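> Could you have a look at this structure, given as structure tokens, before my questions?
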Amino acid sequence: MIWQIPYPLLTYFDASELPVLMNGQDKKVWTYDMTGKFSVAGATQMIRKKYPILTWAKRVWNPCVQPYTSSNLWKILRGACATDESVRKKGFSTVSKCYLCGNNQDTMDHILWSCTFSEQIWHWLSGIFHCTSPKCFEDVIEVAKGKSSAIKQVWYNSAFNTMVELWFTRNSVIYEAVTPDVEKFKQRIIRVTGECSARMKGEMWGTMYDLQVLLFFGISGVRAKITTVKQCFFKMLELNQILISCNGAYKGNPGMAGLGFVARNSSGACIGVASGGLGLATNY
């Protein structure tokens, strides 16, 4: 292991005194940062184990969702909940069954999506939002696409609270001997979703669908976004003139970028098109 040590530190210890971290081929684990200085934070960033970025983290910690709900949902999605499945992963051999329906094993995936009790809840909730019942968390995120910002926030609150309440209901059956009740569960979701309306800042579209969903949960006072029609005119070019319309696009900032253009003559006919890539670029 090769250590690159700033000169002032050599006055305190010798490079040969550094411990060997691991066996194998030597490699440099840190160096100076962009400012030309050495820092412990920079060294930590070089040697720490990095995990892929979670695409759904921003939705879980959305400001419209109660932090209490977001924190418990985070535990569910990261596998930090105590179930028979987690006990078996530790090496214990146990007999397992679902405490909500009595069928299959007690796993978080079964509790949330495959249990007879949870399927009734998701079927009811999907009927309100006119969508198919989700079978995984990715389906929950997919349902929100193509809807107004207000309906997205209502869906996030109702769906996220449903996942958390399913876990809490399972715990109540085990530790408090409570019999799961579908109707009480539905009323609890309606009440909690309505209480979260104070945190919702989205706008609804002027459609009956949006109005029906909001009225079902008792949410009022949501601003409506009205679409206005604006006229656009295209003026033909003068004789012997050519119009070149160009634009660029990128995915990410920075990200892969590209450009393209269309050329038209004075009669409006297309005389040429072209496109190309710019590689990694920013929106500037």
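Residues in the structure tokens are named by chain (A, B, ... in the order shown) and by number from 1 within that chain; ligands are numbered from 1 in the order shown.
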So that I can see what lies close to Trp61 in chain A, please list as a ChimeraX atom specification the residues with an atom at most 7 Å from it, counting only C-alpha atoms and leaving out residues fewer than 4 positions away in the same chain.

/A:57,65,70

> Using only C-alpha atoms, find the one residue out of A:Val95, A:Ile128, A:Met204, A:Cys136 that sits nearest to Phe216 in chain A.

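Between A:Val95, A:Ile128, A:Met204, A:Cys136, the residue approaching Phe216 in chain A most closely is A:Ile128.
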
> Please return, as a PyMOL selection string, all residues of range 38-170 of chain A that DSSP assigns to alpha helix (DSSP H) on the basis of the backbone.

chain A and resi 40-47+57-60+67-77+84-89+108-109+116-129+137-143+149-170

> Just the residues within 10 Å of Thr169 in chain A, please, counting only C-alpha atoms, with nothing from its chain fewer than 4 positions along; format it as a list in words.

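These residues fall inside the cut-off: Tyr99, Leu100, Ile111, Val164, Glu165, Val173, Ile174, Glu176, Val178, Thr179, Pro180, Asp181 and Phe185 of chain A.
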
> Could you write out the selected residues, including N, CA, C and O atoms, as an mmCIF file, in the first residue's frame?


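Generated file (result.cif):
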data_model
loop_
_atom_site.group_PDB
_atom_site.id
_atom_site.type_symbol
_atom_site.label_atom_id
_atom_site.label_comp_id
_atom_site.auth_asym_id
_atom_site.auth_seq_id
_atom_site.Cartn_x
_atom_site.Cartn_y
_atom_site.Cartn_z
ATOM 1 N N TYR A 99 -48.860 -13.574 9.551
ATOM 2 C CA TYR A 99 -49.748 -13.331 10.678
ATOM 3 C C TYR A 99 -51.016 -12.602 10.273
ATOM 4 O O TYR A 99 -51.942 -12.478 11.083
ATOM 5 N N LEU A 100 -51.095 -12.125 9.020
ATOM 6 C CA LEU A 100 -52.292 -11.426 8.554
ATOM 7 C C LEU A 100 -53.273 -12.353 7.861
ATOM 8 O O LEU A 100 -54.481 -12.232 8.054
ATOM 9 N N ILE A 111 -45.988 -9.644 2.959
ATOM 10 C CA ILE A 111 -46.866 -8.781 3.762
ATOM 11 C C ILE A 111 -47.358 -7.599 2.949
ATOM 12 O O ILE A 111 -48.536 -7.221 3.012
ATOM 13 N N VAL A 164 -46.654 1.321 5.438
ATOM 14 C CA VAL A 164 -46.247 1.396 6.841
ATOM 15 C C VAL A 164 -47.300 0.768 7.745
ATOM 16 O O VAL A 164 -46.978 0.014 8.682
ATOM 17 N N GLU A 165 -48.577 1.045 7.478
ATOM 18 C CA GLU A 165 -49.646 0.505 8.316
ATOM 19 C C GLU A 165 -49.760 -1.013 8.187
ATOM 20 O O GLU A 165 -50.148 -1.690 9.139
ATOM 21 N N VAL A 173 -50.845 -7.718 15.457
ATOM 22 C CA VAL A 173 -51.376 -9.083 15.544
ATOM 23 C C VAL A 173 -50.470 -9.953 16.408
ATOM 24 O O VAL A 173 -50.936 -10.775 17.216
ATOM 25 N N ILE A 174 -49.160 -9.774 16.295
ATOM 26 C CA ILE A 174 -48.209 -10.605 17.043
ATOM 27 C C ILE A 174 -48.171 -10.224 18.514
ATOM 28 O O ILE A 174 -48.301 -11.070 19.405
ATOM 29 N N GLU A 176 -50.003 -7.713 20.260
ATOM 30 C CA GLU A 176 -51.189 -7.239 20.969
ATOM 31 C C GLU A 176 -52.421 -8.091 20.718
ATOM 32 O O GLU A 176 -53.499 -7.764 21.211
ATOM 33 N N VAL A 178 -54.293 -8.386 18.151
ATOM 34 C CA VAL A 178 -55.353 -7.628 17.479
ATOM 35 C C VAL A 178 -55.762 -8.353 16.210
ATOM 36 O O VAL A 178 -54.918 -8.825 15.450
ATOM 37 N N THR A 179 -57.048 -8.447 15.967
ATOM 38 C CA THR A 179 -57.559 -9.064 14.748
ATOM 39 C C THR A 179 -57.574 -8.029 13.627
ATOM 40 O O THR A 179 -58.190 -6.967 13.779
ATOM 41 N N PRO A 180 -56.911 -8.270 12.526
ATOM 42 C CA PRO A 180 -56.871 -7.276 11.443
ATOM 43 C C PRO A 180 -58.251 -7.044 10.849
ATOM 44 O O PRO A 180 -58.987 -7.999 10.569
ATOM 45 N N ASP A 181 -58.621 -5.800 10.673
ATOM 46 C CA ASP A 181 -59.923 -5.409 10.155
ATOM 47 C C ASP A 181 -59.703 -4.547 8.914
ATOM 48 O O ASP A 181 -59.089 -3.479 9.004
ATOM 49 N N PHE A 185 -58.868 -0.443 8.674
ATOM 50 C CA PHE A 185 -57.622 -0.100 8.001
ATOM 51 C C PHE A 185 -57.874 0.972 6.943
ATOM 52 O O PHE A 185 -57.137 1.957 6.839
#

> What is the CA of Asn265 in chain A-CA of Leu237 in chain A distance in Å, reported with one decimal?

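Answer for the CA of Asn265 in chain A to CA of Leu237 in chain A separation: 7.3 Å.
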
> Find the spatial neighbours of range 255-262 of chain A, counting only C-alpha atoms, within a cut-off of 8 Å - ignore same-chain residues fewer than 2 positions away - and output them as a PDB file with C-alpha atoms, in the first residue's frame.


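So around-v8.pdb came out as:
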ATOM      1  CA  ILE A 244     -32.351  26.835 -39.890  1.00  0.00           C
ATOM      2  CA  SER A 245     -34.020  25.784 -36.612  1.00  0.00           C
ATOM      3  CA  CYS A 246     -31.645  24.206 -34.127  1.00  0.00           C
ATOM      4  CA  ASN A 247     -31.800  22.959 -30.557  1.00  0.00           C
ATOM      5  CA  GLY A 248     -29.927  20.798 -28.104  1.00  0.00           C
ATOM      6  CA  ALA A 249     -30.870  18.268 -25.445  1.00  0.00           C
ATOM      7  CA  TYR A 250     -29.109  16.521 -22.609  1.00  0.00           C
ATOM      8  CA  LYS A 251     -29.896  13.808 -20.061  1.00  0.00           C
ATOM      9  CA  GLY A 252     -28.546  14.762 -16.678  1.00  0.00           C
ATOM     10  CA  ASN A 253     -26.550  17.812 -15.644  1.00  0.00           C
ATOM     11  CA  ARG A 264     -36.432  24.910 -44.658  1.00  0.00           C
ATOM     12  CA  CYS A 270     -37.589  20.696 -45.657  1.00  0.00           C
ATOM     13  CA  ILE A 271     -34.262  20.739 -47.476  1.00  0.00           C
ATOM     14  CA  GLY A 272     -32.063  19.141 -44.837  1.00  0.00           C
ATOM     15  CA  VAL A 273     -31.832  17.744 -41.290  1.00  0.00           C
ATOM     16  CA  ALA A 274     -28.895  16.705 -39.161  1.00  0.00           C
ATOM     17  CA  SER A 275     -28.131  15.565 -35.623  1.00  0.00           C
ATOM     18  CA  GLY A 276     -25.058  14.762 -33.616  1.00  0.00           C
ATOM     19  CA  GLY A 277     -23.695  14.049 -30.176  1.00  0.00           C
ATOM     20  CA  LEU A 278     -21.782  16.406 -27.917  1.00  0.00           C
ATOM     21  CA  GLY A 279     -20.614  13.819 -25.402  1.00  0.00           C
ATOM     22  CA  LEU A 280     -20.660  14.680 -21.713  1.00  0.00           C
ATOM     23  CA  ALA A 281     -21.867  18.275 -21.242  1.00  0.00           C
ATOM     24  CA  THR A 282     -23.914  20.532 -18.948  1.00  0.00           C
TER      25      THR A 282
END

> Need to verify the contact set: Arg59 in chain A, 9 Å, only C-alpha atoms, exclusion of same-chain residues closer than 4 positions in sequence. Can you return it as a PyMOL selection string?

chain A and resi 55+63+65+141+156

> Could those selected residues go to a file with all heavy atoms, as a PDB file, in the first residue's frame?


ATOM      1  N   THR A  55     -32.733   5.765  -6.712  1.00  0.00           N
ATOM      2  CA  THR A  55     -33.572   6.643  -7.540  1.00  0.00           C
ATOM      3  C   THR A  55     -34.847   7.058  -6.834  1.00  0.00           C
ATOM      4  O   THR A  55     -35.457   8.063  -7.200  1.00  0.00           O
ATOM      5  CB  THR A  55     -33.921   5.934  -8.857  1.00  0.00           C
ATOM      6  OG1 THR A  55     -34.588   4.677  -8.571  1.00  0.00           O
ATOM      7  CG2 THR A  55     -32.661   5.634  -9.661  1.00  0.00           C
ATOM      8  N   PRO A  63     -41.247  16.341   0.852  1.00  0.00           N
ATOM      9  CA  PRO A  63     -41.768  17.205   1.920  1.00  0.00           C
ATOM     10  C   PRO A  63     -43.255  17.039   2.191  1.00  0.00           C
ATOM     11  O   PRO A  63     -43.726  17.379   3.280  1.00  0.00           O
ATOM     12  CB  PRO A  63     -41.457  18.619   1.407  1.00  0.00           C
ATOM     13  CG  PRO A  63     -40.327  18.443   0.458  1.00  0.00           C
ATOM     14  CD  PRO A  63     -40.545  17.111  -0.182  1.00  0.00           C
ATOM     15  N   VAL A  65     -44.780  14.288   2.564  1.00  0.00           N
ATOM     16  CA  VAL A  65     -44.976  13.096   3.382  1.00  0.00           C
ATOM     17  C   VAL A  65     -44.475  13.378   4.799  1.00  0.00           C
ATOM     18  O   VAL A  65     -43.424  14.008   4.981  1.00  0.00           O
ATOM     19  CB  VAL A  65     -44.235  11.883   2.790  1.00  0.00           C
ATOM     20  CG1 VAL A  65     -44.492  10.632   3.614  1.00  0.00           C
ATOM     21  CG2 VAL A  65     -44.657  11.669   1.343  1.00  0.00           C
ATOM     22  N   ILE A 141     -44.309   3.905  -7.574  1.00  0.00           N
ATOM     23  CA  ILE A 141     -43.740   5.104  -8.179  1.00  0.00           C
ATOM     24  C   ILE A 141     -44.293   5.311  -9.583  1.00  0.00           C
ATOM     25  O   ILE A 141     -44.553   6.440 -10.012  1.00  0.00           O
ATOM     26  CB  ILE A 141     -42.207   5.017  -8.210  1.00  0.00           C
ATOM     27  CG1 ILE A 141     -41.651   4.830  -6.787  1.00  0.00           C
ATOM     28  CG2 ILE A 141     -41.606   6.250  -8.849  1.00  0.00           C
ATOM     29  CD1 ILE A 141     -42.016   5.925  -5.825  1.00  0.00           C
ATOM     30  N   TYR A 156     -48.786   9.480  -3.045  1.00  0.00           N
ATOM     31  CA  TYR A 156     -47.625   9.150  -2.237  1.00  0.00           C
ATOM     32  C   TYR A 156     -48.012   8.979  -0.765  1.00  0.00           C
ATOM     33  O   TYR A 156     -47.588   8.029  -0.094  1.00  0.00           O
ATOM     34  CB  TYR A 156     -46.561  10.232  -2.359  1.00  0.00           C
ATOM     35  CG  TYR A 156     -45.811  10.233  -3.673  1.00  0.00           C
ATOM     36  CD1 TYR A 156     -45.291  11.412  -4.203  1.00  0.00           C
ATOM     37  CD2 TYR A 156     -45.630   9.060  -4.397  1.00  0.00           C
ATOM     38  CE1 TYR A 156     -44.595  11.402  -5.412  1.00  0.00           C
ATOM     39  CE2 TYR A 156     -44.956   9.053  -5.597  1.00  0.00           C
ATOM     40  CZ  TYR A 156     -44.443  10.232  -6.101  1.00  0.00           C
ATOM     41  OH  TYR A 156     -43.765  10.222  -7.295  1.00  0.00           O
TER      42      TYR A 156
END

> Could you tell me how far CA of Lys152 in chain A sits from CA of Asp210 in chain A, in Å to one decimal place?

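These atoms are spaced 10.2 Å apart.
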